$ cat run25.txt   # compact mmCIF, C-alpha atoms and all ligand atoms
# COMPACT_ATOMS: atom_id res chain seq x y z
CA MET A 1 -17.34 45.23 35.00
CA GLU A 2 -19.73 42.44 35.81
CA ILE A 3 -18.21 38.93 36.16
CA ILE A 4 -20.53 36.02 35.36
CA ARG A 5 -19.51 32.40 35.94
CA ILE A 6 -22.73 30.45 35.37
CA PRO A 7 -23.88 29.70 31.78
CA ARG A 8 -27.61 30.15 32.57
CA ILE A 9 -26.99 33.55 34.17
CA MET A 10 -24.92 34.68 31.18
CA GLN A 11 -27.74 33.58 28.84
CA GLU A 12 -30.38 35.42 30.88
CA THR A 13 -28.25 38.57 31.02
CA SER A 14 -27.78 38.49 27.23
CA LYS A 15 -31.48 37.80 26.61
CA ARG A 16 -32.44 40.85 28.67
CA ALA A 17 -30.00 43.07 26.74
CA LEU A 18 -31.24 41.77 23.37
CA LEU A 19 -34.88 42.34 24.41
CA ARG A 20 -33.97 45.95 25.20
CA GLY A 21 -32.70 46.23 21.60
CA ARG A 22 -28.99 46.28 22.50
CA THR A 23 -26.33 44.74 20.24
CA ILE A 24 -23.88 42.40 21.96
CA GLY A 25 -20.28 42.03 20.78
CA PHE A 26 -18.30 39.04 22.01
CA VAL A 27 -14.56 38.32 22.22
CA PRO A 28 -13.75 34.74 23.28
CA THR A 29 -10.23 34.25 24.71
CA MET A 30 -8.13 31.89 26.79
CA GLY A 31 -6.78 34.79 28.87
CA ALA A 32 -3.18 35.94 29.50
CA LEU A 33 -4.36 38.96 27.57
CA HIS A 34 -2.04 40.93 25.28
CA GLU A 35 -2.39 43.71 22.67
CA GLY A 36 -3.77 41.21 20.13
CA HIS A 37 -6.73 40.48 22.39
CA MET A 38 -7.13 44.16 23.26
CA SER A 39 -7.36 45.10 19.57
CA LEU A 40 -10.32 42.72 19.19
CA ILE A 41 -11.93 44.28 22.26
CA ARG A 42 -11.50 47.79 20.85
CA ALA A 43 -13.10 46.78 17.53
CA CYS A 44 -15.91 45.09 19.45
CA ARG A 45 -16.59 48.15 21.64
CA GLN A 46 -16.75 50.41 18.60
CA GLU A 47 -19.34 48.31 16.82
CA ASN A 48 -21.64 47.13 19.64
CA ASP A 49 -23.64 48.48 22.58
CA ILE A 50 -22.38 45.84 25.00
CA THR A 51 -19.01 44.05 25.02
CA VAL A 52 -18.69 40.58 26.55
CA VAL A 53 -15.28 38.90 26.83
CA SER A 54 -14.86 35.28 27.88
CA ILE A 55 -11.80 33.72 29.46
CA PHE A 56 -11.80 29.95 29.40
CA VAL A 57 -8.77 27.71 28.92
CA ASN A 58 -10.67 24.97 27.13
CA PRO A 59 -9.22 21.55 28.06
CA THR A 60 -10.79 19.75 25.08
CA GLN A 61 -8.72 21.64 22.52
CA PHE A 62 -5.39 20.52 24.04
CA GLY A 63 -3.86 17.14 23.19
CA PRO A 64 -2.68 14.81 26.00
CA HIS A 65 0.95 15.94 25.65
CA GLU A 66 0.24 19.63 25.05
CA ASP A 67 0.53 22.64 27.35
CA PHE A 68 -2.92 22.75 29.01
CA GLU A 69 -1.48 22.58 32.55
CA LYS A 70 1.23 25.19 32.02
CA TYR A 71 -0.78 27.49 29.70
CA PRO A 72 -0.23 31.05 31.08
CA ARG A 73 -3.00 32.15 33.44
CA ASP A 74 -3.27 35.65 34.91
CA PRO A 75 -6.86 36.20 36.06
CA GLU A 76 -6.12 39.29 38.18
CA GLY A 77 -4.05 41.04 35.50
CA ASP A 78 -6.70 40.15 32.91
CA ILE A 79 -9.55 41.55 35.01
CA ASN A 80 -7.64 44.83 35.42
CA LYS A 81 -7.00 45.09 31.67
CA LEU A 82 -10.62 44.34 30.83
CA THR A 83 -11.91 46.86 33.37
CA ASP A 84 -9.57 49.56 32.02
CA ALA A 85 -10.67 48.75 28.46
CA GLY A 86 -14.31 49.39 29.36
CA VAL A 87 -15.56 45.81 28.91
CA ASP A 88 -19.10 45.39 30.26
CA THR A 89 -19.12 41.71 31.14
CA LEU A 90 -16.49 39.04 31.70
CA TYR A 91 -17.81 35.53 31.25
CA LEU A 92 -15.48 33.35 33.34
CA PRO A 93 -16.86 29.82 33.55
CA ASP A 94 -15.13 26.88 35.22
CA THR A 95 -14.61 23.56 33.45
CA ALA A 96 -17.42 21.82 35.38
CA SER A 97 -20.02 24.35 34.27
CA MET A 98 -18.92 24.12 30.61
CA TYR A 99 -18.60 20.30 30.62
CA PRO A 100 -20.97 18.98 33.29
CA GLU A 101 -21.23 15.27 34.08
CA GLY A 102 -22.68 13.41 31.09
CA PHE A 103 -21.47 15.86 28.40
CA ARG A 104 -21.26 13.92 25.12
CA THR A 105 -21.61 16.27 22.13
CA SER A 106 -18.94 17.52 19.77
CA VAL A 107 -18.90 19.69 16.66
CA VAL A 108 -16.64 18.62 13.78
CA VAL A 109 -16.12 20.74 10.68
CA ASN A 110 -15.15 18.08 8.16
CA GLY A 111 -12.43 18.78 5.61
CA LEU A 112 -11.06 21.91 7.27
CA SER A 113 -10.24 20.53 10.72
CA ASP A 114 -7.66 17.96 9.65
CA LYS A 115 -5.46 20.28 7.56
CA LEU A 116 -2.54 22.55 8.61
CA CYS A 117 -2.62 22.71 12.45
CA GLY A 118 -5.25 19.95 12.51
CA ALA A 119 -2.78 17.46 11.03
CA PHE A 120 -0.39 18.04 13.97
CA ARG A 121 -3.04 18.54 16.68
CA PRO A 122 -5.62 15.77 16.24
CA GLY A 123 -8.92 16.71 17.89
CA HIS A 124 -7.86 20.35 18.41
CA PHE A 125 -10.38 21.93 16.05
CA SER A 126 -13.21 19.74 17.22
CA GLY A 127 -12.47 21.04 20.75
CA VAL A 128 -12.42 24.61 19.41
CA ALA A 129 -15.58 24.20 17.30
CA THR A 130 -17.47 22.65 20.21
CA VAL A 131 -16.49 25.26 22.79
CA VAL A 132 -17.13 28.17 20.41
CA THR A 133 -20.57 26.77 19.53
CA LYS A 134 -21.35 26.54 23.26
CA LEU A 135 -20.02 30.06 23.93
CA LEU A 136 -22.10 31.50 21.07
CA ASN A 137 -25.21 29.77 22.46
CA ILE A 138 -24.47 31.06 25.95
CA VAL A 139 -23.52 34.67 25.12
CA MET A 140 -25.88 35.01 22.11
CA PRO A 141 -23.82 37.81 20.56
CA THR A 142 -24.79 39.94 17.57
CA ARG A 143 -21.14 39.86 16.45
CA ALA A 144 -18.15 37.77 17.57
CA TYR A 145 -14.53 38.81 17.05
CA PHE A 146 -11.60 36.55 16.14
CA GLY A 147 -7.97 37.21 15.17
CA GLN A 148 -6.48 36.48 11.77
CA LYS A 149 -3.46 35.14 13.66
CA ASP A 150 -5.52 31.93 13.99
CA TYR A 151 -6.71 32.00 10.38
CA GLN A 152 -7.74 28.34 10.24
CA GLN A 153 -9.75 28.70 13.46
CA SER A 154 -11.55 31.72 12.06
CA LEU A 155 -12.34 29.88 8.81
CA ILE A 156 -13.70 26.86 10.71
CA ILE A 157 -15.86 29.08 12.91
CA LYS A 158 -17.31 30.93 9.90
CA ARG A 159 -18.13 27.55 8.34
CA LEU A 160 -19.84 26.15 11.44
CA VAL A 161 -21.83 29.34 12.05
CA SER A 162 -23.11 29.16 8.47
CA ASP A 163 -23.70 25.38 8.52
CA LEU A 164 -25.51 25.41 11.88
CA ASN A 165 -27.49 28.64 11.22
CA ILE A 166 -26.12 30.39 14.29
CA PRO A 167 -27.38 34.00 14.11
CA VAL A 168 -24.10 35.85 14.62
CA GLU A 169 -21.75 37.87 12.42
CA ILE A 170 -18.14 36.67 12.60
CA VAL A 171 -15.60 39.50 12.36
CA THR A 172 -11.92 38.72 11.71
CA CYS A 173 -9.40 41.35 12.89
CA PRO A 174 -5.78 41.84 11.69
CA THR A 175 -2.84 40.22 13.47
CA VAL A 176 -1.11 42.48 16.01
CA ARG A 177 2.67 42.14 15.95
CA GLU A 178 5.66 43.06 18.11
CA HIS A 179 8.03 45.72 16.69
CA ASP A 180 10.14 43.06 15.00
CA GLY A 181 7.12 41.43 13.38
CA LEU A 182 6.56 38.49 15.75
CA ALA A 183 2.82 37.90 16.09
CA MET A 184 1.67 38.49 19.66
CA SER A 185 0.68 35.28 21.42
CA SER A 186 0.19 34.21 25.02
CA ARG A 187 2.67 31.41 24.21
CA ASN A 188 5.48 33.93 23.47
CA GLN A 189 5.95 34.00 27.26
CA TYR A 190 7.46 30.50 27.04
CA LEU A 191 10.41 31.73 24.92
CA ASN A 192 13.81 32.41 26.49
CA PRO A 193 15.75 35.41 25.04
CA ASP A 194 17.58 33.32 22.41
CA GLU A 195 14.38 31.59 21.35
CA ARG A 196 12.58 34.93 21.22
CA LYS A 197 15.25 36.18 18.78
CA ALA A 198 14.97 33.02 16.69
CA ALA A 199 11.19 33.48 16.50
CA THR A 200 11.64 36.56 14.29
CA ALA A 201 12.49 34.14 11.44
CA ILE A 202 8.76 33.32 11.20
CA TYR A 203 7.69 36.80 10.12
CA LYS A 204 10.83 37.17 8.01
CA CYS A 205 9.88 34.02 6.13
CA LEU A 206 6.25 35.16 5.63
CA SER A 207 7.15 38.69 4.56
CA SER A 208 9.90 37.52 2.16
CA ALA A 209 7.45 35.11 0.54
CA ALA A 210 4.81 37.86 0.32
CA GLU A 211 7.33 40.22 -1.34
CA LYS A 212 8.33 37.55 -3.84
CA ILE A 213 4.68 36.97 -4.77
CA LYS A 214 4.01 40.70 -5.06
CA SER A 215 6.95 41.00 -7.44
CA GLY A 216 5.41 38.40 -9.71
CA GLU A 217 6.35 34.88 -8.56
CA LYS A 218 3.53 32.48 -9.48
CA ASN A 219 5.27 29.20 -8.71
CA ALA A 220 4.05 28.11 -5.26
CA VAL A 221 6.68 25.36 -5.05
CA ARG A 222 9.42 28.01 -5.23
CA ILE A 223 7.63 30.02 -2.54
CA LYS A 224 7.49 26.96 -0.31
CA GLU A 225 11.23 26.35 -0.87
CA LEU A 226 12.05 29.97 -0.01
CA MET A 227 9.97 29.83 3.18
CA ASN A 228 11.57 26.59 4.30
CA GLU A 229 15.08 27.86 3.52
CA ILE A 230 14.59 30.94 5.72
CA LEU A 231 13.17 28.89 8.59
CA SER A 232 15.86 26.18 8.33
CA SER A 233 18.64 28.76 8.53
CA GLU A 234 17.60 29.44 12.13
CA PRO A 235 19.21 26.70 14.27
CA LEU A 236 16.78 27.11 17.21
CA ILE A 237 13.83 26.21 14.99
CA LYS A 238 13.77 22.50 15.79
CA GLU A 239 10.81 21.50 13.66
CA ILE A 240 8.99 23.03 10.71
CA GLN A 241 5.48 21.55 10.84
CA TYR A 242 4.28 23.38 7.76
CA ALA A 243 5.38 26.41 5.75
CA SER A 244 3.82 26.96 2.37
CA ALA A 245 1.22 28.70 0.21
CA TYR A 246 -2.40 27.58 0.58
CA ASP A 247 -5.81 28.22 -0.91
CA PRO A 248 -7.43 30.49 1.72
CA GLU A 249 -10.83 28.80 1.34
CA THR A 250 -9.98 25.08 1.16
CA LEU A 251 -6.56 25.24 2.89
CA ASP A 252 -5.18 22.98 0.15
CA GLU A 253 -1.53 23.55 -0.73
CA LEU A 254 -1.14 25.53 -3.97
CA GLN A 255 1.05 24.65 -6.95
CA ARG A 256 0.41 27.96 -8.69
CA ILE A 257 -0.46 31.36 -7.29
CA ASP A 258 -3.22 32.98 -9.33
CA SER A 259 -5.24 35.17 -7.02
CA LYS A 260 -5.76 34.89 -3.26
CA VAL A 261 -3.11 33.08 -1.25
CA LEU A 262 -2.62 32.21 2.39
CA LEU A 263 1.03 31.97 3.47
CA ALA A 264 1.06 29.98 6.69
CA VAL A 265 3.69 28.61 9.06
CA ALA A 266 3.85 26.42 12.16
CA VAL A 267 7.20 25.73 13.84
CA LYS A 268 8.53 24.49 17.14
CA ILE A 269 11.20 26.53 18.90
CA GLY A 270 12.32 24.49 21.90
CA GLN A 271 9.07 23.12 23.32
CA THR A 272 7.04 26.10 22.06
CA ARG A 273 4.80 25.74 19.05
CA LEU A 274 4.24 29.03 17.18
CA ILE A 275 2.01 29.78 14.21
CA ASP A 276 1.58 32.78 11.94
CA ASN A 277 0.20 33.65 8.51
CA ILE A 278 -0.20 36.38 5.92
CA LEU A 279 -3.23 36.54 3.64
CA LEU A 280 -2.68 38.11 0.21
CA GLU A 281 -6.06 38.97 -1.26
CA GLU A 282 -4.95 40.35 -4.62
CA THR A 283 -1.90 38.87 -6.30
CA GLY A 284 -3.00 39.56 -9.90
CA SER A 285 -3.58 36.77 -12.42
P1 LIG A 301 -6.44 33.01 22.46
O1 LIG A 301 -6.60 33.62 23.80
O2 LIG A 301 -5.01 32.78 22.06
O3 LIG A 301 -7.33 31.80 22.26
O4 LIG A 301 -6.96 34.09 21.42
C1 LIG A 301 -8.22 34.68 21.54
C2 LIG A 301 -8.51 35.47 20.29
O5 LIG A 301 -7.52 36.47 20.11
C3 LIG A 301 -8.50 34.59 19.02
O6 LIG A 301 -9.54 35.02 18.15
C4 LIG A 301 -7.14 34.89 18.44
O7 LIG A 301 -7.08 34.71 17.04
C5 LIG A 301 -6.97 36.35 18.80
N1 LIG A 301 -5.56 36.71 18.80
C6 LIG A 301 -4.53 36.07 19.41
N2 LIG A 301 -3.35 36.66 19.13
C7 LIG A 301 -3.64 37.70 18.29
C8 LIG A 301 -2.85 38.70 17.64
N3 LIG A 301 -1.52 38.75 17.78
N4 LIG A 301 -3.49 39.61 16.86
C9 LIG A 301 -4.83 39.57 16.70
N5 LIG A 301 -5.64 38.66 17.30
C10 LIG A 301 -5.04 37.74 18.09

$ encode --input "run25.txt" --output "structure tokens"
Amino acid sequence: MEIIRIPRIMQETSKRALLRGRTIGFVPTMGALHEGHMSLIRACRQENDITVVSIFVNPTQFGPHEDFEKYPRDPEGDINKLTDAGVDTLYLPDTASMYPEGFRTSVVVNGLSDKLCGAFRPGHFSGVATVVTKLLNIVMPTRAYFGQKDYQQSLIIKRLVSDLNIPVEIVTCPTVREHDGLAMSSRNQYLNPDERKAATAIYKCLSSAAEKIKSGEKNAVRIKELMNEILSSEPLIKEIQYASAYDPETLDELQRIDSKVLLAVAVKIGQTRLIDNILLEETGS
């Protein structure tokens, strides 16, 4: 596996591959790789000639009191996993090469960036949108792969790619879960054993709400109440930031469930902020 650290060299490598008629698939990550990341890499390898993965813990998407400093980092373990998975190129830039002296531009996706996670993490999605725009311009992929686990992120990226005419297909892959339903996340490493047990309430809450909707519940207020009841019954969940039913396109909270619905949750367990969601595409009208 080739490791490239300089944006210009990554761009030139991609340009050469594209000129030879190769398709490039791209999986952007912040590292500390788990099965969720690996599932994106497998989908990417199946659908493209060349697979590029990036690892970059992007400082601009963390708030001043968030976990940028202690975010899990395991470059050696990650390189081994990527090599074993058959990845062609790892793009591993440092902060100075992504944000050189004088950097002043940011990408804001209005209307989507301030809802759900955006309401609790001001500036987060502008950091994400800016770094992903840069990564797409540097790697120049044919397709880029994102996880449904970060549904709002995926929606914002699809919007910016369309709005800014970036020639890439965005592919969203299903959430990979632990055996008890907890969505895999690099941040799960922060949880102590009691907190890890408490975290199962998140998937319980989402799947109970999904069942209720499938069995005919149309009242989104009752769904919200059910979700909040399940989460509140877990004493180690210190804060419920949001837990409700949303319109999957606008992210507005629903009153009534007619067709598609996004069930989404963000909670804090100890100091750890965890998110998860289920998208129901067909609920009947
Ligand atoms: P991260 O390293 O957390 O920024 O995630 C990199 C990519 O992996 C993003 O597109 C995430 O949505 C995706 N991802 C993270 N966790 C999962 C998971 N459990 N299942 C599927 N995709 C995931």

$ residues_near_ligand --input "run25.txt" --ligand "ligand LIG 301 (chain A)" --cutoff "9 Å" --atoms "all atoms listed in the file" --output "PyMOL selection string"
chain A and resi 27-40+55-57+145-151+153-154+172-178+182-187+276

$ residues_near_point --input "run25.txt" --point "(-18.4, 49.1, 21.5)" --cutoff "10 Å" --atoms "all atoms listed in the file" --output "JSON, numbers by chain"
{"A": [23, 24, 25, 41, 42, 43, 44, 45, 46, 47, 48, 49, 50, 51, 52, 86, 87, 88]}

$ atom_distance --input "run25.txt" --atom1 "atom CA of Leu19 of chain A" --atom2 "atom CA of Asn137 of chain A"
16.0 Å

$ residues_around --input "run25.txt" --residues "segment 90-93 of chain A" --least-positions-apart "5" --cutoff "6 Å" --atoms "all atoms listed in the file" --output "PyMOL selection string"
chain A and resi 3-5+52-55

$ closest_residue --input "run25.txt" --among "A:Ile156, A:Ile166, A:Leu251, A:Leu236" --to "Met140 of chain A" --atoms "only C-alpha atoms"
A:Ile166

$ atom_distance --input "run25.txt" --atom1 "atom CA of Asp78 of chain A" --atom2 "atom CA of Met1 of chain A"
12.0 Å

$ residues_around --input "run25.txt" --residues "Val221 of chain A" --least-positions-apart "4" --cutoff "9 Å" --atoms "all atoms listed in the file" --output "list in words"
Glu225, Leu226, Ser244, Ala245, Leu254, Gln255 and Arg256 of chain A

$ residues_around --input "run25.txt" --residues "Ile269 of chain A" --least-positions-apart "4" --cutoff "7 Å" --atoms "only C-alpha atoms" --output "PDB file with C-alpha atoms, in the frame of the given file"
ATOM      1  CA  GLU A 195      14.380  31.590  21.350  1.00  0.00           C
ATOM      2  CA  LEU A 236      16.780  27.110  17.210  1.00  0.00           C
ATOM      3  CA  ILE A 237      13.830  26.210  14.990  1.00  0.00           C
ATOM      4  CA  LYS A 238      13.770  22.500  15.790  1.00  0.00           C
ATOM      5  CA  ARG A 273       4.800  25.740  19.050  1.00  0.00           C
TER       6      ARG A 273
END

$ atom_distance --input "run25.txt" --atom1 "atom CA of Phe125 of chain A" --atom2 "atom CA of Pro141 of chain A"
21.3 Å

$ closest_residue --input "run25.txt" --among "A:Ile6, A:Val109, A:Cys205, A:Ile230" --to "Ser162 of chain A" --atoms "only C-alpha atoms"
A:Val109

$ residues_near_point --input "run25.txt" --point "(-3.8, 17.2, 21.7)" --cutoff "12 Å" --atoms "only C-alpha atoms" --output "list in words"
Asn58, Pro59, Thr60, Gln61, Phe62, Gly63, Pro64, His65, Glu66, Asp67, Phe68, Cys117, Gly118, Ala119, Phe120, Arg121, Pro122, Gly123, His124, Phe125, Ser126, Gly127 and Val128 of chain A

$ closest_residue --input "run25.txt" --among "A:Asn192, A:Asn219, A:Thr83, A:Thr250" --to "Leu112 of chain A" --atoms "only C-alpha atoms"
A:Thr250

$ closest_residue --input "run25.txt" --among "A:Asp163, A:Arg143, A:Val108, A:Gln152" --to "Tyr246 of chain A" --atoms "only C-alpha atoms"
A:Gln152

$ closest_residue --input "run25.txt" --among "A:Lys268, A:Thr142, A:Pro7, A:Arg20" --to "Tyr99 of chain A" --atoms "only C-alpha atoms"
A:Pro7

$ closest_residue --input "run25.txt" --among "A:Val267, A:Ala220, A:Met98, A:Ala210" --to "Val131 of chain A" --atoms "only C-alpha atoms"
A:Met98
